[in-house]
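This is structure-v9.txt. It holds compact mmCIF, C-alpha atoms (C1' of nucleotides).
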```txt
# COMPACT_ATOMS: atom_id res chain seq x y z
CA MET A 1 0.24 3.35 -14.25
CA ASN A 2 -0.86 6.50 -15.90
CA ASP A 3 -2.56 8.65 -13.36
CA GLY A 4 -1.13 10.85 -10.71
CA ALA A 5 2.10 12.70 -11.18
CA GLY A 6 5.50 11.17 -11.48
CA ALA A 7 6.78 7.78 -10.70
CA PHE A 8 4.66 7.14 -7.66
CA LYS A 9 1.08 6.27 -8.03
CA GLN A 10 0.28 7.62 -4.62
CA SER A 11 -0.81 11.16 -4.05
CA PRO A 12 1.62 12.50 -1.54
CA GLY A 13 -0.71 13.96 0.93
CA ALA A 14 -0.77 13.33 4.60
CA GLY A 15 -2.54 11.78 7.46
CA ALA A 16 -4.05 8.43 8.10
CA ALA A 17 -7.26 6.97 9.34
CA THR A 18 -9.51 3.97 9.17
CA CYS A 19 -12.22 1.81 10.47
CA HIS A 20 -13.23 -1.47 9.03
CA GLY A 21 -16.86 -1.02 9.58
CA ASP A 22 -17.79 -4.50 10.65
CA GLU A 23 -16.71 -4.31 14.20
CA GLY A 24 -19.22 -1.66 15.16
CA ASP A 25 -17.38 0.14 17.87
CA SER A 26 -16.63 3.72 18.68
CA CYS A 27 -15.46 4.04 15.19
CA HIS A 28 -17.01 5.79 12.28
CA ARG A 29 -20.71 6.33 12.41
CA VAL A 30 -22.37 5.63 9.18
CA GLY A 31 -25.65 7.22 8.51
CA HIS A 32 -25.53 10.23 10.76
CA SER A 33 -26.75 13.47 9.31
CA PRO A 34 -24.69 14.75 6.43
CA GLY A 35 -21.86 16.56 8.09
CA LYS A 36 -20.26 17.73 4.94
CA ARG A 37 -21.25 19.76 1.99
CA ARG A 38 -24.52 19.38 0.19
CA LEU A 39 -24.68 16.85 -2.54
CA SER A 40 -25.74 19.43 -5.08
CA GLU A 41 -22.67 21.44 -4.28
CA LEU A 42 -20.56 18.39 -4.99
CA THR A 43 -22.23 17.35 -8.19
CA GLU A 44 -21.88 20.93 -9.33
CA GLN A 45 -18.13 20.52 -9.17
CA LEU A 46 -18.39 17.54 -11.41
CA ARG A 47 -20.57 19.32 -13.87
CA ALA A 48 -18.18 22.26 -13.87
CA LYS A 49 -15.56 20.00 -15.33
CA SER A 50 -17.96 18.50 -17.80
CA ARG A 51 -18.13 15.22 -15.97
CA LYS A 52 -21.39 13.38 -15.95
CA ILE A 53 -23.54 13.18 -12.90
CA THR A 54 -24.34 9.51 -12.95
CA GLY A 55 -26.25 7.43 -10.49
CA PRO A 56 -23.21 5.58 -9.16
CA ARG A 57 -21.31 8.80 -8.66
CA GLN A 58 -24.07 10.37 -6.68
CA LYS A 59 -24.32 7.34 -4.47
CA ILE A 60 -20.60 7.34 -3.94
CA LEU A 61 -20.49 10.99 -3.04
CA ASP A 62 -23.37 10.43 -0.71
CA VAL A 63 -21.62 7.63 1.12
CA LEU A 64 -18.48 9.71 1.37
CA ARG A 65 -20.48 12.52 2.91
CA MET A 66 -21.78 10.15 5.54
CA ASN A 67 -18.38 9.09 6.74
CA ARG A 68 -16.36 11.28 8.99
CA HIS A 69 -13.27 9.13 8.65
CA PRO A 70 -11.44 7.87 5.60
CA VAL A 71 -13.06 4.79 4.14
CA THR A 72 -11.68 2.01 2.04
CA ILE A 73 -13.14 1.23 -1.33
CA LYS A 74 -14.58 -1.96 0.06
CA GLU A 75 -16.26 -0.18 2.95
CA LEU A 76 -17.64 2.41 0.62
CA PHE A 77 -18.93 -0.28 -1.67
CA ALA A 78 -20.50 -2.14 1.24
CA GLN A 79 -22.35 0.95 2.32
CA MET A 80 -24.04 1.29 -1.02
CA PRO A 81 -27.43 -0.27 -1.57
CA ARG A 82 -26.74 -3.66 -3.09
CA GLY A 83 -26.37 -3.66 -6.78
CA ASP A 84 -26.05 0.07 -7.06
CA CYS A 85 -22.89 -0.25 -9.01
CA ASP A 86 -19.86 -2.33 -9.61
CA LEU A 87 -16.81 -2.36 -7.40
CA VAL A 88 -14.76 -1.31 -10.38
CA THR A 89 -16.89 1.76 -10.76
CA VAL A 90 -16.10 2.75 -7.23
CA TYR A 91 -12.42 2.46 -7.97
CA ARG A 92 -12.79 4.49 -11.11
CA SER A 93 -14.93 7.13 -9.51
CA LEU A 94 -12.54 7.65 -6.66
CA HIS A 95 -9.72 8.06 -9.10
CA LEU A 96 -11.69 10.72 -10.84
CA LEU A 97 -12.68 12.47 -7.65
CA GLU A 98 -9.11 12.37 -6.47
CA SER A 99 -7.76 13.84 -9.67
CA MET A 100 -10.35 16.56 -9.40
CA GLY A 101 -9.23 17.31 -5.90
CA MET A 102 -12.53 16.36 -4.37
CA VAL A 103 -11.32 13.52 -2.23
CA LYS A 104 -8.03 12.85 -0.55
CA ARG A 105 -6.32 9.53 -0.45
CA PHE A 106 -4.85 8.26 2.78
CA ASP A 107 -2.63 5.31 3.19
CA PHE A 108 -1.52 3.92 6.45
CA GLY A 109 0.47 1.04 5.40
CA ASP A 110 -1.97 -1.81 5.56
CA GLY A 111 -2.08 -2.03 1.83
CA THR A 112 -5.51 -0.52 1.36
CA ALA A 113 -6.18 3.02 0.28
CA ARG A 114 -8.68 5.13 2.18
CA PHE A 115 -10.55 8.16 1.00
CA GLU A 116 -12.07 11.19 2.60
CA LEU A 117 -14.10 13.96 1.06
CA ILE A 118 -12.10 17.14 0.99
CA ASP A 119 -13.73 19.80 3.01
CA GLY A 120 -11.80 22.91 3.87
CA PRO A 121 -10.11 25.46 1.65
CA ASP A 122 -6.58 24.07 1.84
CA GLY A 123 -7.99 20.65 1.21
CA GLY A 124 -8.63 20.34 4.90
CA HIS A 125 -5.10 19.17 5.48
CA HIS A 126 -4.94 17.09 8.61
CA HIS A 127 -3.58 13.89 10.07
CA HIS A 128 -4.89 10.89 11.94
CA LEU A 129 -4.08 8.91 15.01
CA ILE A 130 -4.89 5.25 14.57
CA CYS A 131 -5.32 2.56 17.18
CA THR A 132 -3.38 -0.42 15.94
CA ARG A 133 -5.62 -2.76 17.90
CA CYS A 134 -9.20 -1.78 17.19
CA GLU A 135 -8.45 0.42 14.22
CA SER A 136 -10.43 3.28 15.65
CA ILE A 137 -9.13 6.60 14.53
CA VAL A 138 -8.91 10.15 15.72
CA GLU A 139 -8.79 13.06 13.36
CA LEU A 140 -6.09 15.47 14.40
CA GLU A 141 -6.89 19.08 13.82
CA ASP A 142 -3.56 20.68 13.40
CA CYS A 143 -0.82 19.96 10.96
CA PHE A 144 2.51 20.14 12.64
CA ALA A 145 4.67 19.47 9.68
CA LYS A 146 4.24 22.55 7.56
CA GLU A 147 7.38 24.22 8.88
CA MET A 148 9.39 21.05 8.51
CA GLU A 149 8.21 20.83 4.98
CA LEU A 150 9.65 24.25 4.27
CA SER A 151 12.94 23.64 5.96
CA VAL A 152 13.34 20.23 4.39
CA ALA A 153 12.57 21.67 0.98
CA LYS A 154 14.97 24.54 1.35
CA ARG A 155 17.76 22.50 2.86
CA ASN A 156 17.70 19.99 0.03
CA GLY A 157 16.73 22.14 -2.87
CA PHE A 158 13.51 20.28 -3.45
CA ALA A 159 10.41 21.92 -4.87
CA SER A 160 6.73 21.31 -4.24
CA VAL A 161 7.38 19.39 -1.10
CA THR A 162 4.45 17.71 0.57
CA HIS A 163 4.36 15.23 3.35
CA ARG A 164 2.53 12.30 4.78
CA LEU A 165 2.30 11.94 8.51
CA GLU A 166 0.48 9.35 10.51
CA PHE A 167 0.39 8.46 14.16
CA PHE A 168 -0.20 4.98 15.52
CA GLY A 169 -0.77 3.82 19.05
CA ILE A 170 -3.08 2.05 21.45
CA CYS A 171 -6.28 3.86 22.27
CA PRO A 172 -7.56 4.25 25.83
CA LYS A 173 -10.10 1.46 25.43
CA CYS A 174 -7.59 -1.03 24.16
CA GLN A 175 -4.86 -0.42 26.66
CA MET B 1 -2.68 -11.89 8.75
CA ASN B 2 -0.86 -13.16 11.78
CA ASP B 3 2.31 -11.27 12.19
CA GLY B 4 2.99 -7.88 13.57
CA ALA B 5 0.92 -6.38 16.31
CA GLY B 6 -2.72 -5.63 16.08
CA ALA B 7 -4.96 -5.18 13.15
CA PHE B 8 -2.47 -3.55 10.86
CA LYS B 9 0.14 -5.62 9.19
CA GLN B 10 2.38 -2.66 8.90
CA SER B 11 4.95 -1.82 11.49
CA PRO B 12 4.13 1.64 12.58
CA GLY B 13 7.47 3.23 12.30
CA ALA B 14 8.41 6.27 10.37
CA GLY B 15 10.15 7.62 7.39
CA ALA B 16 10.18 6.82 3.75
CA ALA B 17 12.71 6.22 1.07
CA THR B 18 13.32 4.41 -2.16
CA CYS B 19 15.15 3.95 -5.35
CA HIS B 20 14.22 1.56 -8.03
CA GLY B 21 17.69 0.60 -8.90
CA ASP B 22 17.33 0.27 -12.61
CA GLU B 23 17.53 3.87 -13.49
CA GLY B 24 21.09 4.27 -12.30
CA ASP B 25 21.11 7.81 -11.11
CA SER B 26 22.24 9.63 -8.06
CA CYS B 27 20.36 7.11 -6.08
CA HIS B 28 21.57 4.25 -3.91
CA ARG B 29 25.03 3.00 -4.54
CA VAL B 30 25.18 -0.72 -4.44
CA GLY B 31 28.45 -2.33 -3.80
CA HIS B 32 30.23 0.38 -1.90
CA SER B 33 32.17 -0.71 1.13
CA PRO B 34 30.07 -2.10 3.94
CA GLY B 35 28.82 0.97 5.68
CA LYS B 36 26.93 -0.84 8.36
CA ARG B 37 27.68 -3.35 11.03
CA ARG B 38 29.78 -6.41 10.48
CA LEU B 39 28.02 -9.45 9.19
CA SER B 40 29.11 -11.53 12.18
CA GLU B 41 27.49 -9.04 14.47
CA LEU B 42 24.27 -9.46 12.58
CA THR B 43 24.26 -13.21 12.41
CA GLU B 44 24.98 -13.21 16.11
CA GLN B 45 21.64 -11.53 16.66
CA LEU B 46 19.98 -14.30 14.79
CA ARG B 47 21.77 -16.98 16.71
CA ALA B 48 20.83 -15.26 19.96
CA LYS B 49 17.22 -15.99 19.19
CA SER B 50 17.93 -19.52 18.10
CA ARG B 51 17.34 -18.73 14.49
CA LYS B 52 19.44 -20.54 11.98
CA ILE B 53 22.20 -18.85 10.08
CA THR B 54 21.45 -20.10 6.63
CA GLY B 55 23.06 -19.27 3.36
CA PRO B 56 20.16 -17.24 2.04
CA ARG B 57 19.95 -15.23 5.22
CA GLN B 58 23.59 -14.33 5.16
CA LYS B 59 23.31 -13.20 1.56
CA ILE B 60 20.26 -11.14 2.37
CA LEU B 61 21.91 -9.45 5.32
CA ASP B 62 24.90 -8.79 3.17
CA VAL B 63 22.89 -7.10 0.48
CA LEU B 64 21.08 -5.05 3.07
CA ARG B 65 24.42 -3.89 4.46
CA MET B 66 25.43 -2.71 1.03
CA ASN B 67 22.47 -0.45 0.55
CA ARG B 68 22.29 2.91 2.17
CA HIS B 69 18.69 3.46 1.23
CA PRO B 70 15.66 1.27 1.75
CA VAL B 71 15.39 -1.43 -0.90
CA THR B 72 12.41 -3.31 -2.22
CA ILE B 73 12.26 -7.07 -2.05
CA LYS B 74 12.71 -7.23 -5.79
CA GLU B 75 15.79 -5.04 -5.72
CA LEU B 76 17.24 -7.05 -2.92
CA PHE B 77 16.56 -10.24 -4.79
CA ALA B 78 18.10 -8.83 -7.94
CA GLN B 79 21.27 -7.96 -6.08
CA MET B 80 21.80 -11.53 -5.00
CA PRO B 81 23.90 -13.83 -7.14
CA ARG B 82 21.45 -15.63 -9.36
CA GLY B 83 19.95 -18.71 -7.89
CA ASP B 84 21.06 -17.93 -4.40
CA CYS B 85 17.59 -18.36 -3.10
CA ASP B 86 13.96 -18.07 -3.91
CA LEU B 87 12.03 -14.81 -3.95
CA VAL B 88 9.73 -16.26 -1.34
CA THR B 89 12.66 -16.80 0.95
CA VAL B 90 13.52 -13.15 0.72
CA TYR B 91 9.99 -12.26 1.74
CA ARG B 92 10.10 -14.67 4.63
CA SER B 93 13.51 -13.57 5.78
CA LEU B 94 12.57 -9.96 5.82
CA HIS B 95 9.52 -10.75 7.86
CA LEU B 96 11.72 -12.50 10.33
CA LEU B 97 14.28 -9.73 10.44
CA GLU B 98 11.54 -7.19 10.85
CA SER B 99 9.93 -9.04 13.71
CA MET B 100 13.33 -9.29 15.34
CA GLY B 101 13.77 -5.59 15.00
CA MET B 102 16.75 -5.91 12.71
CA VAL B 103 15.26 -4.19 9.72
CA LYS B 104 12.73 -1.45 9.38
CA ARG B 105 9.97 -1.41 6.87
CA PHE B 106 9.23 1.76 4.94
CA ASP B 107 6.27 2.39 2.79
CA PHE B 108 5.78 5.39 0.67
CA GLY B 109 2.61 4.58 -0.96
CA ASP B 110 3.63 3.07 -4.25
CA GLY B 111 2.46 -0.32 -3.10
CA THR B 112 5.88 -1.84 -2.54
CA ALA B 113 7.52 -2.22 0.82
CA ARG B 114 11.10 -1.16 1.33
CA PHE B 115 13.53 -2.30 3.96
CA GLU B 116 16.54 -0.84 5.63
CA LEU B 117 18.89 -2.43 8.12
CA ILE B 118 18.42 -0.87 11.51
CA ASP B 119 21.55 0.83 12.63
CA GLY B 120 21.47 3.12 15.59
CA PRO B 121 20.37 2.53 19.17
CA ASP B 122 16.85 3.92 18.82
CA GLY B 123 16.50 1.92 15.67
CA GLY B 124 18.10 4.77 13.81
CA HIS B 125 14.81 6.56 13.57
CA HIS B 126 14.79 8.88 10.60
CA HIS B 127 12.76 10.00 7.64
CA HIS B 128 13.18 10.36 3.93
CA LEU B 129 12.60 12.93 1.26
CA ILE B 130 11.65 11.33 -2.02
CA CYS B 131 11.67 12.83 -5.47
CA THR B 132 8.41 11.87 -7.10
CA ARG B 133 9.96 12.10 -10.53
CA CYS B 134 13.22 10.19 -10.45
CA GLU B 135 12.61 8.40 -7.18
CA SER B 136 15.93 9.48 -5.77
CA ILE B 137 15.84 9.80 -2.05
CA VAL B 138 17.48 11.77 0.69
CA GLU B 139 17.86 10.44 4.19
CA LEU B 140 16.86 13.07 6.67
CA GLU B 141 18.86 13.13 9.84
CA ASP B 142 16.53 14.60 12.32
CA CYS B 143 13.17 13.50 13.41
CA PHE B 144 10.86 16.40 13.83
CA ALA B 145 7.87 14.57 15.09
CA LYS B 146 8.95 13.27 18.46
CA GLU B 147 7.37 16.11 20.38
CA MET B 148 4.18 15.89 18.40
CA GLU B 149 4.08 12.24 19.17
CA LEU B 150 4.10 13.00 22.87
CA SER B 151 1.52 15.71 22.71
CA VAL B 152 -0.73 13.70 20.44
CA ALA B 153 -0.46 10.72 22.74
CA LYS B 154 -1.20 12.70 25.86
CA ARG B 155 -4.00 14.70 24.35
CA ASN B 156 -5.83 11.60 23.20
CA GLY B 157 -4.94 9.14 25.90
CA PHE B 158 -3.13 6.85 23.50
CA ALA B 159 -0.20 4.69 24.55
CA SER B 160 2.89 3.60 22.64
CA VAL B 161 2.43 6.18 19.98
CA THR B 162 4.72 6.04 16.99
CA HIS B 163 4.56 7.86 13.72
CA ARG B 164 5.33 7.61 10.08
CA LEU B 165 6.46 10.69 8.25
CA GLU B 166 7.54 11.04 4.67
CA PHE B 167 8.32 14.00 2.48
CA PHE B 168 7.79 14.09 -1.25
CA GLY B 169 8.86 16.67 -3.76
CA ILE B 170 10.86 17.37 -6.89
CA CYS B 171 14.61 17.17 -6.52
CA PRO B 172 16.95 19.84 -7.89
CA LYS B 173 17.86 17.77 -10.92
CA CYS B 174 14.28 17.14 -11.93
CA GLN B 175 12.96 20.64 -11.53
C1' DC C 1 26.62 -39.08 13.21
C1' DA C 2 21.70 -39.27 14.16
C1' DC C 3 17.86 -36.23 15.32
C1' DT C 4 14.77 -32.48 15.84
C1' DT C 5 13.03 -28.53 14.16
C1' DA C 6 13.47 -24.58 11.47
C1' DA C 7 14.07 -23.05 6.64
C1' DT C 8 13.63 -23.51 1.71
C1' DG C 9 11.73 -24.17 -3.01
C1' DC C 10 7.93 -24.60 -5.90
C1' DA C 11 3.33 -24.09 -7.08
C1' DA C 12 -0.79 -22.12 -6.20
C1' DA C 13 -3.59 -18.82 -3.79
C1' DT C 14 -4.80 -14.00 -2.06
C1' DC C 15 -5.54 -9.20 -2.29
C1' DA C 16 -5.98 -4.70 -3.84
C1' DC C 17 -6.25 -2.60 -7.90
C1' DT C 18 -6.28 -2.01 -13.14
C1' DT C 19 -7.59 -2.74 -17.95
C1' DG C 20 -10.14 -4.20 -22.34
C1' DC C 21 -14.25 -4.04 -24.54
C1' DA C 22 -18.91 -3.94 -25.75
C1' DA C 23 -23.28 -2.20 -23.94
C1' DA C 24 -25.81 1.62 -21.50
C1' DG C 25 -26.49 6.33 -20.11
C1' DG C 26 -25.84 11.52 -19.66
C1' DT C 27 -25.77 15.86 -22.27
C1' DG C 28 -25.73 19.63 -25.35
C1' DG C 29 -27.64 20.92 -29.51
C1' DA C 30 -31.22 20.43 -33.44
C1' DT D 1 -38.43 16.54 -27.01
C1' DC D 2 -35.28 13.75 -29.66
C1' DC D 3 -30.48 12.44 -31.10
C1' DA D 4 -25.96 11.72 -31.90
C1' DC D 5 -21.78 11.69 -29.37
C1' DC D 6 -18.86 10.75 -25.98
C1' DT D 7 -18.43 9.41 -21.25
C1' DT D 8 -19.45 5.66 -17.96
C1' DT D 9 -20.45 1.29 -16.57
C1' DG D 10 -20.40 -3.80 -15.95
C1' DC D 11 -18.13 -7.95 -16.54
C1' DA D 12 -14.27 -10.73 -17.22
C1' DA D 13 -9.64 -11.11 -17.17
C1' DG D 14 -5.04 -9.38 -15.98
C1' DT D 15 -1.31 -7.29 -12.80
C1' DG D 16 1.91 -7.04 -9.24
C1' DA D 17 3.01 -7.65 -4.54
C1' DT D 18 2.82 -10.75 -0.98
C1' DT D 19 1.33 -15.07 1.34
C1' DT D 20 0.47 -20.00 2.11
C1' DG D 21 0.60 -25.25 1.73
C1' DC D 22 3.52 -28.89 1.66
C1' DA D 23 7.08 -31.98 0.94
C1' DT D 24 12.15 -31.70 1.01
C1' DT D 25 16.57 -30.08 2.82
C1' DA D 26 19.73 -28.36 5.99
C1' DA D 27 21.23 -25.97 10.72
C1' DG D 28 22.11 -26.89 15.32
C1' DT D 29 22.45 -30.25 19.18
C1' DG D 30 23.75 -34.06 21.96
```

Is it possible to express this structure as structure tokens?
Amino acid sequence: MNDGAGAFKQSPGAGAATCHGDEGDSCHRVGHSPGKRRLSELTEQLRAKSRKITGPRQKILDVLRMNRHPVTIKELFAQMPRGDCDLVTVYRSLHLLESMGMVKRFDFGDGTARFELIDGPDGGHHHHLICTRCESIVELEDCFAKEMELSVAKRNGFASVTHRLEFFGICPKCQ
Amino acid sequence: MNDGAGAFKQSPGAGAATCHGDEGDSCHRVGHSPGKRRLSELTEQLRAKSRKITGPRQKILDVLRMNRHPVTIKELFAQMPRGDCDLVTVYRSLHLLESMGMVKRFDFGDGTARFELIDGPDGGHHHHLICTRCESIVELEDCFAKEMELSVAKRNGFASVTHRLEFFGICPKCQ
DNA sequence: CACTTAATGCAAATCACTTGCAAAGGTGGA
DNA sequence: TCCACCTTTGCAAGTGATTTGCATTAAGTG
């Protein structure tokens, strides 16, 4: 109850995505070659803010780099060599990474937060399309809502307007 | 883990809205004249599906009718004459009403579900703009994402695509 | 009015997430 | 390289929202 800004503990962002990881399907592929930034580049960001580069944190960043879709804390934890660190540490680390703008939190209403390493310049703003049956997800390139955001903000006199947009449906396989 | 469709317990819908009700502000006005459908009309829907019209359910529907913004279970419960029914009953009733398509669940990431009585023909599809400071909310008339929904669905071969869209910002008062 | 079945209340259980606290581990400076 | 200092971590316990088990009560129905 003391992180994030304002009354909501969420981080108004956008998108949605998932994959529970136990139903090995066409979902996220764990363990493929690092598709994101180098680990050193990431740890450097930590160091830049005088945060310690600890073992658990490196492992966590590494797992995040391996996942192309948002992962839940549990999934992330499961992908770490047993005993690498405590679940609580994963929670704490993701909070830190989020507050540092290194990861983005997604929430698609199933009561479990999901995290993705931020890639692009604008935080790699994007959305997801989730299959409500198999939970497979598709990362959507474009963000359609930017203009809406502006018009909604202007029309209602709101400032710093952000949005969260998620799409749900039945994927081709599940139809 | 056994209601709703598919793997997600959420009901992929759209929108967002809230108001915690204790900070009496420009937020939801409880107790104004019934702005929504008559109670008899509502109970009729229940009866049509051979659901019983119980005391608690009538009270719950009544409170829902009085609120123009989505309410949390707790708020709803608090607005019922003390001792009218158990908190658990409110949870169960809302599940029922949701599954019957009579209420819509909104979720804006603070970990508490909010419900609104469904009004219009298309389920009164709309979105909300929430102030992250005072939690006041604005109901947005139009739905901007319908077209996206179609294009996203087509482009990815998904069926029955729905979306959830929420806007967050700082309201005029809080700036 | 008796009956059948759904609904309710109460207590206890889950679940995701957070917090308190003492022990362990990075880091910058001597 | 060694240390003191302050951040992190692990473990246990706590929250808050929501669900579940089960015996009891109350809507509909004939």

### Task
With a cut-off of 7 Å and counting only C-alpha atoms, select all residues of chain B in contact with chain A and give the selection as number ranges by chain.
B: 6-10, 12, 107, 109-111, 132-135, 157-172

### Query
Which neighbours of stretch 1-9 of chain D fall inside 12 Å, counting all atoms listed in the file, when residues of the same chain fewer than 2 positions from it are skipped, and could you give them as a VMD selection string?
(chain A and resid 50 to 57 84 to 93 96) or (chain C and resid 21 to 30) or (chain D and resid 11)

What would the file look like if the residues just selected were written as a PDB file, in the coordinates of the input with C-alpha atoms (C1' of nucleotides)?
```
ATOM      1  CA  SER A  50     -17.960  18.500 -17.800  1.00  0.00           C
ATOM      2  CA  ARG A  51     -18.130  15.220 -15.970  1.00  0.00           C
ATOM      3  CA  LYS A  52     -21.390  13.380 -15.950  1.00  0.00           C
ATOM      4  CA  ILE A  53     -23.540  13.180 -12.900  1.00  0.00           C
ATOM      5  CA  THR A  54     -24.340   9.510 -12.950  1.00  0.00           C
ATOM      6  CA  GLY A  55     -26.250   7.430 -10.490  1.00  0.00           C
ATOM      7  CA  PRO A  56     -23.210   5.580  -9.160  1.00  0.00           C
ATOM      8  CA  ARG A  57     -21.310   8.800  -8.660  1.00  0.00           C
ATOM      9  CA  ASP A  84     -26.050   0.070  -7.060  1.00  0.00           C
ATOM     10  CA  CYS A  85     -22.890  -0.250  -9.010  1.00  0.00           C
ATOM     11  CA  ASP A  86     -19.860  -2.330  -9.610  1.00  0.00           C
ATOM     12  CA  LEU A  87     -16.810  -2.360  -7.400  1.00  0.00           C
ATOM     13  CA  VAL A  88     -14.760  -1.310 -10.380  1.00  0.00           C
ATOM     14  CA  THR A  89     -16.890   1.760 -10.760  1.00  0.00           C
ATOM     15  CA  VAL A  90     -16.100   2.750  -7.230  1.00  0.00           C
ATOM     16  CA  TYR A  91     -12.420   2.460  -7.970  1.00  0.00           C
ATOM     17  CA  ARG A  92     -12.790   4.490 -11.110  1.00  0.00           C
ATOM     18  CA  SER A  93     -14.930   7.130  -9.510  1.00  0.00           C
ATOM     19  CA  LEU A  96     -11.690  10.720 -10.840  1.00  0.00           C
TER      20      LEU A  96
ATOM     21  C1'  DC C  21     -14.250  -4.040 -24.540  1.00  0.00           C
ATOM     22  C1'  DA C  22     -18.910  -3.940 -25.750  1.00  0.00           C
ATOM     23  C1'  DA C  23     -23.280  -2.200 -23.940  1.00  0.00           C
ATOM     24  C1'  DA C  24     -25.810   1.620 -21.500  1.00  0.00           C
ATOM     25  C1'  DG C  25     -26.490   6.330 -20.110  1.00  0.00           C
ATOM     26  C1'  DG C  26     -25.840  11.520 -19.660  1.00  0.00           C
ATOM     27  C1'  DT C  27     -25.770  15.860 -22.270  1.00  0.00           C
ATOM     28  C1'  DG C  28     -25.730  19.630 -25.350  1.00  0.00           C
ATOM     29  C1'  DG C  29     -27.640  20.920 -29.510  1.00  0.00           C
ATOM     30  C1'  DA C  30     -31.220  20.430 -33.440  1.00  0.00           C
TER      31       DA C  30
ATOM     32  C1'  DC D  11     -18.130  -7.950 -16.540  1.00  0.00           C
TER      33       DC D  11
END
```

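Atom pair atom CA of A:Glu141 / atom CA of A:Thr72: separated by 21.3 Å.
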
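Taking atom C1' of C:DA11 as the reference point, atom CA of B:Asp62 is found at 28.4 Å.
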
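Interatomic distance, atom CA of A:Leu39 to atom C1' of C:DA16: 28.6 Å.
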
### Message
Residues of chain D within 8 Å of chain B, counting all atoms listed in the file - could you list those as a list of chain:residue names?
### Response
D:DA17, D:DT18, D:DA27, D:DG28

### Residues of chain C within 10 Å of chain B, all atoms listed in the file counted, as a count of residues only
6

### Query
Got a sec: who's within 12 Å of A:Arg38, counting all atoms listed in the file, leaving out chain neighbours fewer than 4 positions off, as number ranges by chain?
A: 33-34, 42-45, 58, 61-62, 64-66, 117, 119

Using the selection just defined, write its residues with C-alpha atoms as a PDB file, keeping the file's coordinate frame.
```
ATOM      1  CA  SER A  33     -26.750  13.470   9.310  1.00  0.00           C
ATOM      2  CA  PRO A  34     -24.690  14.750   6.430  1.00  0.00           C
ATOM      3  CA  LEU A  42     -20.560  18.390  -4.990  1.00  0.00           C
ATOM      4  CA  THR A  43     -22.230  17.350  -8.190  1.00  0.00           C
ATOM      5  CA  GLU A  44     -21.880  20.930  -9.330  1.00  0.00           C
ATOM      6  CA  GLN A  45     -18.130  20.520  -9.170  1.00  0.00           C
ATOM      7  CA  GLN A  58     -24.070  10.370  -6.680  1.00  0.00           C
ATOM      8  CA  LEU A  61     -20.490  10.990  -3.040  1.00  0.00           C
ATOM      9  CA  ASP A  62     -23.370  10.430  -0.710  1.00  0.00           C
ATOM     10  CA  LEU A  64     -18.480   9.710   1.370  1.00  0.00           C
ATOM     11  CA  ARG A  65     -20.480  12.520   2.910  1.00  0.00           C
ATOM     12  CA  MET A  66     -21.780  10.150   5.540  1.00  0.00           C
ATOM     13  CA  LEU A 117     -14.100  13.960   1.060  1.00  0.00           C
ATOM     14  CA  ASP A 119     -13.730  19.800   3.010  1.00  0.00           C
TER      15      ASP A 119
END
```

Take stretch 136-143 of chain B from the preceding structure and save N, CA, C and O atoms as a PDB file, in the first residue's frame.
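part.pdb, freshly written:
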```pdb
ATOM      1  N   SER B 136     -12.242   9.110  -8.502  1.00  0.00           N
ATOM      2  CA  SER B 136     -13.508   9.487  -9.125  1.00  0.00           C
ATOM      3  C   SER B 136     -13.486   8.916 -10.535  1.00  0.00           C
ATOM      4  O   SER B 136     -12.424   8.678 -11.094  1.00  0.00           O
ATOM      5  N   ILE B 137     -14.644   8.679 -11.066  1.00  0.00           N
ATOM      6  CA  ILE B 137     -14.649   8.101 -12.393  1.00  0.00           C
ATOM      7  C   ILE B 137     -15.616   8.799 -13.335  1.00  0.00           C
ATOM      8  O   ILE B 137     -16.569   9.438 -12.905  1.00  0.00           O
ATOM      9  N   VAL B 138     -15.328   8.668 -14.595  1.00  0.00           N
ATOM     10  CA  VAL B 138     -16.172   9.265 -15.615  1.00  0.00           C
ATOM     11  C   VAL B 138     -16.593   8.136 -16.542  1.00  0.00           C
ATOM     12  O   VAL B 138     -15.772   7.322 -16.935  1.00  0.00           O
ATOM     13  N   GLU B 139     -17.858   8.091 -16.847  1.00  0.00           N
ATOM     14  CA  GLU B 139     -18.326   7.042 -17.758  1.00  0.00           C
ATOM     15  C   GLU B 139     -18.174   7.607 -19.174  1.00  0.00           C
ATOM     16  O   GLU B 139     -18.654   8.687 -19.476  1.00  0.00           O
ATOM     17  N   LEU B 140     -17.495   6.862 -19.992  1.00  0.00           N
ATOM     18  CA  LEU B 140     -17.283   7.332 -21.357  1.00  0.00           C
ATOM     19  C   LEU B 140     -18.347   6.728 -22.268  1.00  0.00           C
ATOM     20  O   LEU B 140     -18.549   5.515 -22.277  1.00  0.00           O
ATOM     21  N   GLU B 141     -18.990   7.583 -22.984  1.00  0.00           N
ATOM     22  CA  GLU B 141     -20.075   7.142 -23.854  1.00  0.00           C
ATOM     23  C   GLU B 141     -19.629   6.159 -24.922  1.00  0.00           C
ATOM     24  O   GLU B 141     -20.046   5.025 -24.992  1.00  0.00           O
ATOM     25  N   ASP B 142     -18.764   6.657 -25.745  1.00  0.00           N
ATOM     26  CA  ASP B 142     -18.412   5.867 -26.922  1.00  0.00           C
ATOM     27  C   ASP B 142     -17.390   4.771 -26.678  1.00  0.00           C
ATOM     28  O   ASP B 142     -16.581   4.825 -25.765  1.00  0.00           O
ATOM     29  N   CYS B 143     -17.472   3.815 -27.545  1.00  0.00           N
ATOM     30  CA  CYS B 143     -16.487   2.758 -27.496  1.00  0.00           C
ATOM     31  C   CYS B 143     -15.659   2.913 -28.743  1.00  0.00           C
ATOM     32  O   CYS B 143     -16.143   2.855 -29.852  1.00  0.00           O
TER      33      CYS B 143
END
```
